[in-house]
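upload-v8.cif (mmCIF, C-alpha atoms) appears below.
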data_data
loop_
_atom_site.label_atom_id
_atom_site.label_comp_id
_atom_site.auth_asym_id
_atom_site.auth_seq_id
_atom_site.Cartn_x
_atom_site.Cartn_y
_atom_site.Cartn_z
CA MET A 1 -3.91 -38.28 33.80
CA ARG A 2 -2.66 -39.28 30.39
CA GLU A 3 -5.25 -41.19 28.45
CA VAL A 4 -4.25 -43.77 25.85
CA THR A 5 -6.98 -44.65 23.38
CA SER A 6 -6.95 -47.91 21.46
CA HIS A 7 -9.51 -49.65 19.29
CA VAL A 8 -10.22 -53.38 19.32
CA HIS A 9 -12.61 -55.71 17.55
CA SER A 10 -14.89 -57.97 19.56
CA LYS A 11 -17.45 -60.00 17.62
CA GLY A 12 -17.27 -57.50 14.77
CA GLU A 13 -17.36 -54.54 17.11
CA LYS A 14 -14.93 -51.65 17.01
CA ALA A 15 -15.01 -49.96 20.40
CA MET A 16 -12.98 -47.46 22.38
CA ILE A 17 -10.99 -48.69 25.37
CA HIS A 18 -9.24 -46.23 27.69
CA GLU A 19 -6.19 -47.19 29.71
CA PRO A 20 -4.59 -44.72 32.13
CA GLY A 21 -0.88 -44.05 31.80
CA PRO A 22 1.12 -42.62 34.71
CA ASP A 23 2.83 -39.26 34.47
CA ASP A 24 4.41 -36.98 37.03
CA THR A 25 1.06 -35.66 38.22
CA ASP A 26 -0.30 -39.17 38.67
CA LEU A 27 2.75 -40.23 40.66
CA GLN A 28 2.37 -37.20 42.90
CA ARG A 29 -1.31 -37.89 43.41
CA ARG A 30 -0.67 -41.52 44.29
CA SER A 31 1.97 -40.60 46.83
CA VAL A 32 -0.37 -38.04 48.36
CA LEU A 33 -3.15 -40.56 48.69
CA GLN A 34 -0.83 -43.16 50.16
CA ALA A 35 0.51 -40.66 52.68
CA ALA A 36 -3.02 -39.79 53.69
CA GLY A 37 -3.90 -43.44 54.16
CA ILE A 38 -6.62 -43.40 51.54
CA THR A 39 -7.37 -46.59 49.63
CA ILE A 40 -9.30 -45.71 46.48
CA ALA A 41 -9.68 -49.33 45.42
CA GLY A 42 -11.45 -50.00 48.67
CA GLY A 43 -14.17 -47.54 47.76
CA LEU A 44 -13.62 -45.10 50.64
CA ALA A 45 -16.22 -42.34 50.45
CA ALA A 46 -15.01 -39.00 49.10
CA SER A 47 -16.46 -37.29 52.17
CA ALA A 48 -13.74 -38.88 54.31
CA ILE A 49 -10.93 -37.32 52.29
CA PRO A 50 -10.79 -33.91 54.02
CA ALA A 51 -10.43 -35.50 57.46
CA ALA A 52 -7.77 -37.90 56.23
CA LEU A 53 -5.77 -34.99 54.82
CA ALA A 54 -6.27 -32.62 57.72
CA ALA A 55 -2.77 -33.14 59.06
CA GLN A 56 -1.05 -32.69 55.70
CA GLY A 57 0.63 -29.54 54.43
CA PRO A 58 -0.92 -27.10 51.91
CA ALA A 59 0.84 -28.64 48.90
CA VAL A 60 -0.32 -32.13 49.80
CA LYS A 61 -3.88 -31.03 50.45
CA GLY A 62 -3.94 -29.00 47.24
CA ALA A 63 -2.77 -31.93 45.11
CA ALA A 64 -5.31 -34.25 46.70
CA ALA A 65 -8.09 -31.72 46.21
CA ARG A 66 -7.30 -31.54 42.51
CA ALA A 67 -7.28 -35.33 42.33
CA LEU A 68 -10.40 -36.09 44.33
CA GLY A 69 -12.04 -32.85 45.37
CA SER A 70 -14.51 -30.67 43.50
CA ILE A 71 -15.78 -31.53 40.04
CA GLY A 72 -13.93 -28.57 38.51
CA GLY A 73 -10.74 -29.49 40.33
CA ARG A 74 -10.63 -32.77 38.44
CA LEU A 75 -10.76 -31.15 35.00
CA ARG A 76 -7.93 -30.06 32.75
CA GLY A 77 -10.11 -27.77 30.65
CA VAL A 78 -11.87 -28.10 27.29
CA GLN A 79 -10.27 -30.84 25.17
CA HIS A 80 -12.29 -30.46 21.98
CA PHE A 81 -15.51 -29.32 20.35
CA GLY A 82 -17.39 -31.89 18.30
CA LEU A 83 -19.26 -31.17 15.08
CA THR A 84 -21.40 -33.73 13.27
CA VAL A 85 -21.09 -33.12 9.53
CA GLN A 86 -22.90 -34.13 6.38
CA ASN A 87 -19.80 -34.38 4.20
CA MET A 88 -16.59 -35.32 6.02
CA ASP A 89 -14.18 -34.51 3.20
CA ARG A 90 -15.68 -31.07 2.66
CA ALA A 91 -15.67 -30.23 6.37
CA PHE A 92 -12.11 -31.47 6.79
CA GLU A 93 -10.98 -29.34 3.86
CA PHE A 94 -12.64 -26.28 5.38
CA TYR A 95 -11.17 -26.66 8.85
CA THR A 96 -7.68 -27.56 7.64
CA GLU A 97 -7.06 -25.90 4.28
CA VAL A 98 -9.26 -22.81 4.74
CA LEU A 99 -9.06 -22.17 8.50
CA GLY A 100 -5.58 -23.65 8.84
CA GLY A 101 -5.97 -26.41 11.40
CA THR A 102 -3.74 -29.48 11.34
CA GLU A 103 -4.87 -33.07 11.43
CA VAL A 104 -4.31 -34.90 14.71
CA MET A 105 -5.70 -38.29 13.73
CA ARG A 106 -8.58 -39.98 11.98
CA ASP A 107 -10.35 -43.20 12.76
CA GLY A 108 -13.66 -44.76 11.97
CA ASP A 109 -15.98 -47.54 10.96
CA PHE A 110 -17.07 -47.63 14.59
CA TYR A 111 -20.04 -49.88 15.34
CA GLY A 112 -21.23 -52.43 17.86
CA GLU A 113 -23.20 -52.54 21.09
CA ARG A 114 -20.56 -50.88 23.26
CA ILE A 115 -20.08 -47.76 21.15
CA HIS A 116 -23.82 -47.60 20.42
CA ASN A 117 -24.58 -47.49 24.14
CA THR A 118 -21.75 -45.08 24.84
CA LEU A 119 -23.07 -42.45 22.45
CA LEU A 120 -26.80 -43.06 22.12
CA THR A 121 -28.31 -44.49 25.31
CA ASP A 122 -30.24 -41.34 26.19
CA GLN A 123 -31.67 -41.07 22.69
CA VAL A 124 -32.77 -44.71 22.64
CA ILE A 125 -34.52 -44.27 25.99
CA GLU A 126 -36.26 -41.17 24.62
CA SER A 127 -37.44 -43.06 21.53
CA ARG A 128 -38.87 -45.81 23.73
CA ALA A 129 -40.66 -43.24 25.89
CA ARG A 130 -42.18 -41.71 22.77
CA LYS A 131 -42.94 -45.19 21.35
CA VAL A 132 -41.37 -44.45 17.99
CA ASN A 133 -38.81 -46.11 15.78
CA PRO A 134 -35.37 -44.71 16.71
CA LEU A 135 -34.58 -44.19 13.03
CA THR A 136 -37.40 -41.65 12.75
CA MET A 137 -35.58 -39.55 15.37
CA GLY A 138 -32.30 -39.68 13.48
CA ILE A 139 -30.80 -42.26 15.83
CA PRO A 140 -28.33 -44.46 13.93
CA ASP A 141 -28.18 -48.20 14.51
CA LEU A 142 -24.54 -48.59 15.44
CA ARG A 143 -25.40 -51.69 17.46
CA SER A 144 -26.01 -53.88 14.40
CA GLY A 145 -23.55 -52.05 12.19
CA ALA A 146 -26.24 -50.80 9.81
CA GLN A 147 -24.71 -47.39 10.38
CA ARG A 148 -21.07 -46.51 11.13
CA LEU A 149 -19.26 -43.58 12.70
CA ASP A 150 -16.10 -41.93 11.36
CA VAL A 151 -14.11 -39.23 13.17
CA ARG A 152 -11.28 -36.82 12.39
CA PHE A 153 -9.56 -34.52 14.87
CA VAL A 154 -8.19 -31.11 13.85
CA GLN A 155 -5.77 -29.16 16.07
CA PHE A 156 -5.81 -25.39 16.41
CA ASP A 157 -3.55 -23.32 18.65
CA ASN A 158 -5.52 -23.86 21.84
CA VAL A 159 -8.26 -26.40 21.17
CA VAL A 160 -9.15 -29.44 19.06
CA ILE A 161 -12.21 -29.76 16.83
CA GLU A 162 -13.60 -33.24 16.23
CA LEU A 163 -15.50 -33.86 13.00
CA LEU A 164 -17.97 -36.75 13.14
CA GLN A 165 -19.90 -38.38 10.32
CA TYR A 166 -22.60 -41.02 10.80
CA ARG A 167 -23.21 -42.95 7.59
CA ASP A 168 -24.93 -46.07 6.34
CA SER A 169 -22.54 -49.00 6.28
CA GLU A 170 -22.55 -49.25 2.48
CA GLN A 171 -21.58 -45.60 2.09
CA PRO A 172 -17.85 -44.92 1.62
CA ALA A 173 -16.06 -43.22 4.48
CA GLY A 174 -15.41 -39.53 4.03
CA SER A 175 -17.24 -38.83 0.80
CA GLY A 176 -20.35 -40.91 1.45
CA ASN A 177 -23.79 -39.56 2.27
CA ALA A 178 -24.61 -38.80 5.90
CA PHE A 179 -27.12 -41.01 7.75
CA ALA A 180 -29.40 -38.22 8.95
CA GLU A 181 -30.75 -35.12 7.25
CA PRO A 182 -29.09 -31.90 8.40
CA LEU A 183 -31.03 -29.43 10.51
CA ASP A 184 -32.43 -26.49 8.58
CA HIS A 185 -33.17 -24.19 11.51
CA MET A 186 -29.78 -23.04 12.75
CA SER A 187 -30.64 -19.78 14.50
CA PRO A 188 -28.24 -19.09 17.39
CA ALA A 189 -31.31 -18.14 19.46
CA PHE A 190 -32.48 -21.76 19.74
CA PRO A 191 -31.83 -23.23 23.21
CA ARG A 192 -29.13 -25.96 23.00
CA MET A 193 -27.64 -24.28 19.93
CA MET A 194 -23.87 -23.95 20.20
CA HIS A 195 -21.22 -22.23 18.14
CA ILE A 196 -17.48 -22.47 17.56
CA CYS A 197 -15.61 -19.20 18.07
CA PHE A 198 -12.26 -18.50 16.41
CA HIS A 199 -9.91 -15.85 17.81
CA ILE A 200 -8.41 -13.63 15.10
CA ARG A 201 -4.87 -12.41 15.76
CA ASP A 202 -4.49 -8.83 17.02
CA GLU A 203 -2.68 -7.48 13.95
CA VAL A 204 -5.13 -8.90 11.37
CA ASP A 205 -7.55 -6.64 9.47
CA PHE A 206 -10.83 -8.21 10.59
CA ASN A 207 -12.97 -6.95 7.72
CA GLN A 208 -10.48 -8.11 5.10
CA PHE A 209 -10.23 -11.49 6.82
CA ILE A 210 -13.99 -12.04 6.42
CA ALA A 211 -13.85 -10.98 2.76
CA ASP A 212 -10.97 -13.38 2.11
CA LEU A 213 -12.68 -16.20 4.01
CA GLU A 214 -15.83 -15.89 1.92
CA ALA A 215 -13.88 -15.63 -1.34
CA GLU A 216 -11.71 -18.65 -0.61
CA SER A 217 -14.68 -20.73 0.50
CA ALA A 218 -16.65 -19.77 -2.62
CA ARG A 219 -13.69 -20.74 -4.77
CA ARG A 220 -13.87 -24.20 -3.23
CA GLY A 221 -17.63 -24.47 -3.79
CA MET A 222 -18.42 -24.08 -0.08
CA ASN A 223 -21.47 -21.91 -0.61
CA HIS A 224 -22.73 -22.20 2.96
CA VAL A 225 -19.84 -20.08 4.23
CA ARG A 226 -21.52 -16.69 4.62
CA ALA A 227 -20.79 -14.07 7.25
CA ASN A 228 -23.38 -11.64 8.55
CA ARG A 229 -23.19 -7.89 7.99
CA VAL A 230 -23.69 -5.10 10.52
CA LEU A 231 -25.91 -3.27 8.02
CA THR A 232 -29.53 -4.32 7.49
CA VAL A 233 -29.79 -6.43 4.34
CA THR A 234 -32.80 -8.40 3.11
CA SER A 235 -31.33 -10.54 0.33
CA GLU A 236 -28.19 -12.47 -0.46
CA GLU A 237 -27.40 -9.99 -3.21
CA GLN A 238 -27.52 -7.10 -0.73
CA ARG A 239 -25.37 -9.02 1.73
CA ARG A 240 -22.69 -9.65 -0.89
CA SER A 241 -22.71 -6.05 -2.10
CA ALA A 242 -22.42 -4.48 1.37
CA PRO A 243 -19.24 -2.44 1.91
CA ILE A 244 -16.30 -4.23 3.49
CA GLU A 245 -16.64 -2.07 6.62
CA ALA A 246 -19.89 -3.93 7.36
CA ASN A 247 -18.04 -7.22 7.85
CA SER A 248 -17.57 -6.82 11.60
CA ASN A 249 -19.04 -5.13 14.63
CA GLY A 250 -16.53 -3.18 16.69
CA ILE A 251 -17.70 -2.39 20.23
CA THR A 252 -16.24 0.80 21.73
CA GLU A 253 -18.07 1.23 25.03
CA GLY A 254 -19.01 -0.63 28.17
CA LYS A 255 -17.33 -3.77 29.46
CA SER A 256 -16.92 -5.11 25.91
CA ASN A 257 -14.91 -2.08 24.72
CA GLY A 258 -12.35 -3.42 22.23
CA TRP A 259 -14.36 -6.50 21.25
CA ARG A 260 -14.93 -7.04 17.51
CA LEU A 261 -17.07 -9.86 16.21
CA ILE A 262 -19.25 -11.30 13.49
CA TYR A 263 -21.30 -14.48 13.21
CA CYS A 264 -20.77 -16.69 10.18
CA LYS A 265 -22.06 -20.03 8.89
CA GLY A 266 -19.47 -22.72 8.18
CA CYS A 267 -19.30 -25.10 5.24
CA GLU A 268 -21.83 -27.45 6.87
CA GLY A 269 -24.18 -24.65 7.86
CA GLU A 270 -22.82 -24.75 11.41
CA GLN A 271 -22.73 -21.60 13.50
CA LEU A 272 -19.30 -19.98 13.75
CA GLU A 273 -18.12 -16.78 15.35
CA PHE A 274 -14.94 -14.80 14.70
CA VAL A 275 -13.67 -12.34 17.29
CA GLN A 276 -10.83 -9.99 18.12
CA ALA A 277 -10.25 -8.82 21.69
CA LEU A 278 -8.23 -5.61 21.83
CA GLY A 279 -7.83 -2.71 24.26
CA PRO A 280 -9.74 -2.82 27.57
CA VAL A 281 -11.53 -6.10 26.92
CA LYS A 282 -8.23 -7.78 26.02
CA ARG A 283 -6.85 -6.75 29.40
CA VAL A 284 -9.94 -8.16 31.09
CA PHE A 285 -9.54 -11.57 29.43
CA ASP A 286 -5.75 -11.66 29.86
CA GLY A 287 -6.17 -10.80 33.54
CA ALA A 288 -8.79 -13.51 34.00
CA LEU A 289 -6.49 -16.08 32.40
CA GLU A 290 -3.59 -15.15 34.67
CA ALA A 291 -5.87 -15.25 37.72
CA ARG A 292 -7.06 -18.70 36.65
CA LYS A 293 -3.48 -19.94 36.32
CA ARG A 294 -2.60 -18.66 39.79
CA LEU A 295 -5.70 -20.29 41.25
CA VAL A 296 -4.94 -23.65 39.70
CA SER A 297 -1.24 -23.57 40.64
CA SER A 298 -1.97 -22.68 44.27
CA ALA A 299 -4.79 -25.16 44.80
#
Would you mind writing the file out in structure tokens?
Amino acid sequence: MREVTSHVHSKGEKAMIHEPGPDDTDLQRRSVLQAAGITIAGGLAASAIPAALAAQGPAVKGAAARALGSIGGRLRGVQHFGLTVQNMDRAFEFYTEVLGGTEVMRDGDFYGERIHNTLLTDQVIESRARKVNPLTMGIPDLRSGAQRLDVRFVQFDNVVIELLQYRDSEQPAGSGNAFAEPLDHMSPAFPRMMHICFHIRDEVDFNQFIADLEAESARRGMNHVRANRVLTVTSEEQRRSAPIEANSNGITEGKSNGWRLIYCKGCEGEQLEFVQALGPVKRVFDGALEARKRLVSSA
């Protein structure tokens, strides 16, 4: 289903409203449901769908299953990864000018009860359970407009990254100070910790790529951008002076044979990963993708 996003003001509030737009898939789904005698608006239970479609052909049942069946059958995949940043302009520069993404859109100054509830309900409930001021937990007050939210979307070849900045209302968008203090403990071993992984092209020299990434980031004053080394180092000086061959870990055995990777911090201190998938492991992933496509097309 195509999703059209618009933003409207209501009593000073800027909120997100989603309106569905029909496309070929939607038309097909509607015709399937009509043929099966299913009235969604009437609130018919999903459990009745299989029986209603029992007499239909495989194509009809497959389309209906994608529309109303399993949870996974109703998804189109990963649309974007979101990253809350301390400095929007710096992060945008890193993901577009350094890593080469392209801007999709930017919007912002979001505040009001609707967007506050949309994003923060669980955190507000938690603060009440703990009997503490929400601000002490880093929960912005979008409801009153004391804090605002700005977003920018950056497109890469196969996924979008959304940059988000929460700021006090008097702070300028983009270059203003963030509302909350950034986390200091960013070990990938923490539960709930996530990372963004970038796929390096097959023909690229991985080790040289990491060297160039660090040099370009340093030139721009992005001192957080630091990749790990496969050698044991105990200081930043040792890390910088390690030979270029230590910039990546190439795996040559087991199921991951052909996988090359390194972890790296981004300009905001966020956890990144860079990988190449060559040889046997490339065939494994390529085969899995083709199998997934066949599964989805035949459902």
Taking the file as I've supplied it (selection: the PyMOL selection byres ((chain A and resi 167) around 6)), which residues are included? Please answer as a list in words. Gln147, Arg148, Tyr166, Asp168, Ala178 and Phe179 of chain A
Could you write out the selected residues, including C-alpha atoms, as a PDB file, in the frame of the given file?
ATOM      1  CA  GLN A 147     -24.710 -47.390  10.380  1.00  0.00           C
ATOM      2  CA  ARG A 148     -21.070 -46.510  11.130  1.00  0.00           C
ATOM      3  CA  TYR A 166     -22.600 -41.020  10.800  1.00  0.00           C
ATOM      4  CA  ASP A 168     -24.930 -46.070   6.340  1.00  0.00           C
ATOM      5  CA  ALA A 178     -24.610 -38.800   5.900  1.00  0.00           C
ATOM      6  CA  PHE A 179     -27.120 -41.010   7.750  1.00  0.00           C
TER       7      PHE A 179
END
Using the chain letters and numbers from the file, which residues does the PyMOL selection byres ((chain A and resi 279) around 12) grab, as an MDAnalysis selection string? chainID A and resid 202 250:253 255:260 276:278 280:286
How would the residues just picked look written out with C-alpha atoms as a CSV table (one decimal), keeping the file's coordinate frame?
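Produced file result32.csv, reproduced below:
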chain,number,residue,atom,x,y,z
A,202,ASP,CA,-4.5,-8.8,17.0
A,250,GLY,CA,-16.5,-3.2,16.7
A,251,ILE,CA,-17.7,-2.4,20.2
A,252,THR,CA,-16.2,0.8,21.7
A,253,GLU,CA,-18.1,1.2,25.0
A,255,LYS,CA,-17.3,-3.8,29.5
A,256,SER,CA,-16.9,-5.1,25.9
A,257,ASN,CA,-14.9,-2.1,24.7
A,258,GLY,CA,-12.4,-3.4,22.2
A,259,TRP,CA,-14.4,-6.5,21.2
A,260,ARG,CA,-14.9,-7.0,17.5
A,276,GLN,CA,-10.8,-10.0,18.1
A,277,ALA,CA,-10.2,-8.8,21.7
A,278,LEU,CA,-8.2,-5.6,21.8
A,280,PRO,CA,-9.7,-2.8,27.6
A,281,VAL,CA,-11.5,-6.1,26.9
A,282,LYS,CA,-8.2,-7.8,26.0
A,283,ARG,CA,-6.8,-6.8,29.4
A,284,VAL,CA,-9.9,-8.2,31.1
A,285,PHE,CA,-9.5,-11.6,29.4
A,286,ASP,CA,-5.8,-11.7,29.9
Got a sec: who's within 7 Å of Pro182 in chain A, counting all atoms listed in the file, leaving out chain neighbours fewer than 2 positions off, as an MDAnalysis selection string? chainID A and resid 86 180 184
Expansion of the PyMOL selection byres ((chain A and resi 271-274) around 9) into residues, as a PyMOL selection string: chain A and resi 186-188+193-200+206+210+227+248+260-266+268-270+275-276
Selection export as a short mmCIF file (atom, residue, chain, number, x, y, z; two decimals), in the frame of the given file, atoms kept: C-alpha atoms:
data_model
loop_
_atom_site.label_atom_id
_atom_site.label_comp_id
_atom_site.auth_asym_id
_atom_site.auth_seq_id
_atom_site.Cartn_x
_atom_site.Cartn_y
_atom_site.Cartn_z
CA MET A 186 -29.78 -23.04 12.75
CA SER A 187 -30.64 -19.78 14.50
CA PRO A 188 -28.24 -19.09 17.39
CA MET A 193 -27.64 -24.28 19.93
CA MET A 194 -23.87 -23.95 20.20
CA HIS A 195 -21.22 -22.23 18.14
CA ILE A 196 -17.48 -22.47 17.56
CA CYS A 197 -15.61 -19.20 18.07
CA PHE A 198 -12.26 -18.50 16.41
CA HIS A 199 -9.91 -15.85 17.81
CA ILE A 200 -8.41 -13.63 15.10
CA PHE A 206 -10.83 -8.21 10.59
CA ILE A 210 -13.99 -12.04 6.42
CA ALA A 227 -20.79 -14.07 7.25
CA SER A 248 -17.57 -6.82 11.60
CA ARG A 260 -14.93 -7.04 17.51
CA LEU A 261 -17.07 -9.86 16.21
CA ILE A 262 -19.25 -11.30 13.49
CA TYR A 263 -21.30 -14.48 13.21
CA CYS A 264 -20.77 -16.69 10.18
CA LYS A 265 -22.06 -20.03 8.89
CA GLY A 266 -19.47 -22.72 8.18
CA GLU A 268 -21.83 -27.45 6.87
CA GLY A 269 -24.18 -24.65 7.86
CA GLU A 270 -22.82 -24.75 11.41
CA VAL A 275 -13.67 -12.34 17.29
CA GLN A 276 -10.83 -9.99 18.12
#
Go ahead and compute the interatomic distance for CA of Leu75 in chain A and CA of Arg192 in chain A, in Å to one decimal. 22.5 Å
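Of the residues under consideration (A:Arg220, A:Arg152, A:Arg229, A:Arg76), A:Arg229 shows the shortest atom-to-atom contact distance to Asn249 in chain A when counting only C-alpha atoms.
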Test item: residues at most 9 Å from Asp150 in chain A, only C-alpha atoms, excluding those fewer than 2 positions along its chain, as a list in words: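 In the requested format, the answer is Met88, Arg106, Asp107, Gly108, Asp109, Phe110, Arg148, Arg152, Leu163, Leu164, Gln165, Tyr166, Arg167, Ala173 and Gly174 of chain A.
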Using only C-alpha atoms, the shortest atom-to-atom distance to Ile244 in chain A among A:Glu126, A:Glu97, A:Asp205, A:Glu216 belongs to A:Asp205
Please list as a CSV table (one decimal) with C-alpha atoms, keeping the file's coordinate frame every residue within 8 Å of Ala242 in chain A, counting only C-alpha atoms and excluding residues in the same chain fewer than 4 positions away.
chain,number,residue,atom,x,y,z
A,229,ARG,CA,-23.2,-7.9,8.0
A,231,LEU,CA,-25.9,-3.3,8.0
A,238,GLN,CA,-27.5,-7.1,-0.7
A,246,ALA,CA,-19.9,-3.9,7.4
Could you give me, as a compact mmCIF listing (two decimals) with C-alpha atoms, in the coordinates of the input, the residues within 10 Å of Leu120 in chain A, counting all atoms listed in the file and dropping anything in the same chain fewer than 6 positions from it?
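Wrote it out as out.txt, contents follow:
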# COMPACT_ATOMS: atom_id res chain seq x y z
CA GLU A 126 -36.26 -41.17 24.62
CA ILE A 139 -30.80 -42.26 15.83
CA PRO A 140 -28.33 -44.46 13.93
CA ASP A 141 -28.18 -48.20 14.51
CA LEU A 142 -24.54 -48.59 15.44
CA ARG A 143 -25.40 -51.69 17.46
Do you know which residues are at most 12 Å from Asp122 in chain A counting all atoms listed in the file, after dropping those on the same chain fewer than 6 positions away, and could you put them as an MDAnalysis selection string? chainID A and resid 116 128:129 134 139
For the residues in that selection, give me C-alpha atoms as a PDB file, keeping the file's coordinate frame.
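Result went into part-v8.pdb, see below:
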ATOM      1  CA  HIS A 116     -23.820 -47.600  20.420  1.00  0.00           C
ATOM      2  CA  ARG A 128     -38.870 -45.810  23.730  1.00  0.00           C
ATOM      3  CA  ALA A 129     -40.660 -43.240  25.890  1.00  0.00           C
ATOM      4  CA  PRO A 134     -35.370 -44.710  16.710  1.00  0.00           C
ATOM      5  CA  ILE A 139     -30.800 -42.260  15.830  1.00  0.00           C
TER       6      ILE A 139
END
Keeping just all heavy atoms, export range 168-175 of chain A of this structure as a PDB file, in the first residue's frame.
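Once everything was written out, this is decode.pdb:
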ATOM      1  N   ASP A 168      15.586  21.602  22.360  1.00  0.00           N
ATOM      2  CA  ASP A 168      14.737  22.581  23.021  1.00  0.00           C
ATOM      3  C   ASP A 168      14.189  23.544  21.974  1.00  0.00           C
ATOM      4  O   ASP A 168      14.847  23.829  20.961  1.00  0.00           O
ATOM      5  CB  ASP A 168      15.532  23.355  24.075  1.00  0.00           C
ATOM      6  CG  ASP A 168      15.881  22.491  25.278  1.00  0.00           C
ATOM      7  OD1 ASP A 168      15.146  21.518  25.546  1.00  0.00           O
ATOM      8  OD2 ASP A 168      16.901  22.775  25.938  1.00  0.00           O
ATOM      9  N   SER A 169      13.006  24.056  22.216  1.00  0.00           N
ATOM     10  CA  SER A 169      12.318  24.859  21.203  1.00  0.00           C
ATOM     11  C   SER A 169      13.101  26.099  20.804  1.00  0.00           C
ATOM     12  O   SER A 169      13.005  26.559  19.655  1.00  0.00           O
ATOM     13  CB  SER A 169      10.923  25.262  21.699  1.00  0.00           C
ATOM     14  OG  SER A 169      11.016  25.992  22.913  1.00  0.00           O
ATOM     15  N   GLU A 170      13.890  26.652  21.740  1.00  0.00           N
ATOM     16  CA  GLU A 170      14.642  27.876  21.396  1.00  0.00           C
ATOM     17  C   GLU A 170      15.926  27.586  20.636  1.00  0.00           C
ATOM     18  O   GLU A 170      16.593  28.512  20.156  1.00  0.00           O
ATOM     19  CB  GLU A 170      14.958  28.679  22.662  1.00  0.00           C
ATOM     20  CG  GLU A 170      15.904  27.990  23.642  1.00  0.00           C
ATOM     21  CD  GLU A 170      15.169  27.142  24.657  1.00  0.00           C
ATOM     22  OE1 GLU A 170      13.965  26.882  24.441  1.00  0.00           O
ATOM     23  OE2 GLU A 170      15.784  26.768  25.670  1.00  0.00           O
ATOM     24  N   GLN A 171      16.296  26.318  20.532  1.00  0.00           N
ATOM     25  CA  GLN A 171      17.501  25.953  19.787  1.00  0.00           C
ATOM     26  C   GLN A 171      17.203  25.949  18.286  1.00  0.00           C
ATOM     27  O   GLN A 171      16.143  25.493  17.861  1.00  0.00           O
ATOM     28  CB  GLN A 171      18.000  24.574  20.210  1.00  0.00           C
ATOM     29  CG  GLN A 171      18.607  24.527  21.592  1.00  0.00           C
ATOM     30  CD  GLN A 171      19.933  25.271  21.639  1.00  0.00           C
ATOM     31  OE1 GLN A 171      20.771  25.139  20.766  1.00  0.00           O
ATOM     32  NE2 GLN A 171      20.104  26.064  22.679  1.00  0.00           N
ATOM     33  N   PRO A 172      18.130  26.424  17.465  1.00  0.00           N
ATOM     34  CA  PRO A 172      17.891  26.418  16.013  1.00  0.00           C
ATOM     35  C   PRO A 172      17.910  24.999  15.470  1.00  0.00           C
ATOM     36  O   PRO A 172      18.642  24.137  15.962  1.00  0.00           O
ATOM     37  CB  PRO A 172      19.065  27.235  15.458  1.00  0.00           C
ATOM     38  CG  PRO A 172      20.143  27.108  16.483  1.00  0.00           C
ATOM     39  CD  PRO A 172      19.437  27.020  17.805  1.00  0.00           C
ATOM     40  N   ALA A 173      17.087  24.758  14.472  1.00  0.00           N
ATOM     41  CA  ALA A 173      17.053  23.438  13.842  1.00  0.00           C
ATOM     42  C   ALA A 173      18.382  23.154  13.167  1.00  0.00           C
ATOM     43  O   ALA A 173      19.018  24.040  12.604  1.00  0.00           O
ATOM     44  CB  ALA A 173      15.923  23.374  12.815  1.00  0.00           C
ATOM     45  N   GLY A 174      18.807  21.911  13.230  1.00  0.00           N
ATOM     46  CA  GLY A 174      20.024  21.496  12.545  1.00  0.00           C
ATOM     47  C   GLY A 174      21.267  21.685  13.364  1.00  0.00           C
ATOM     48  O   GLY A 174      21.917  20.730  13.767  1.00  0.00           O
ATOM     49  N   SER A 175      21.625  22.920  13.637  1.00  0.00           N
ATOM     50  CA  SER A 175      22.882  23.208  14.326  1.00  0.00           C
ATOM     51  C   SER A 175      22.716  23.420  15.822  1.00  0.00           C
ATOM     52  O   SER A 175      23.698  23.622  16.528  1.00  0.00           O
ATOM     53  CB  SER A 175      23.538  24.450  13.710  1.00  0.00           C
ATOM     54  OG  SER A 175      22.668  25.567  13.806  1.00  0.00           O
TER      55      SER A 175
END
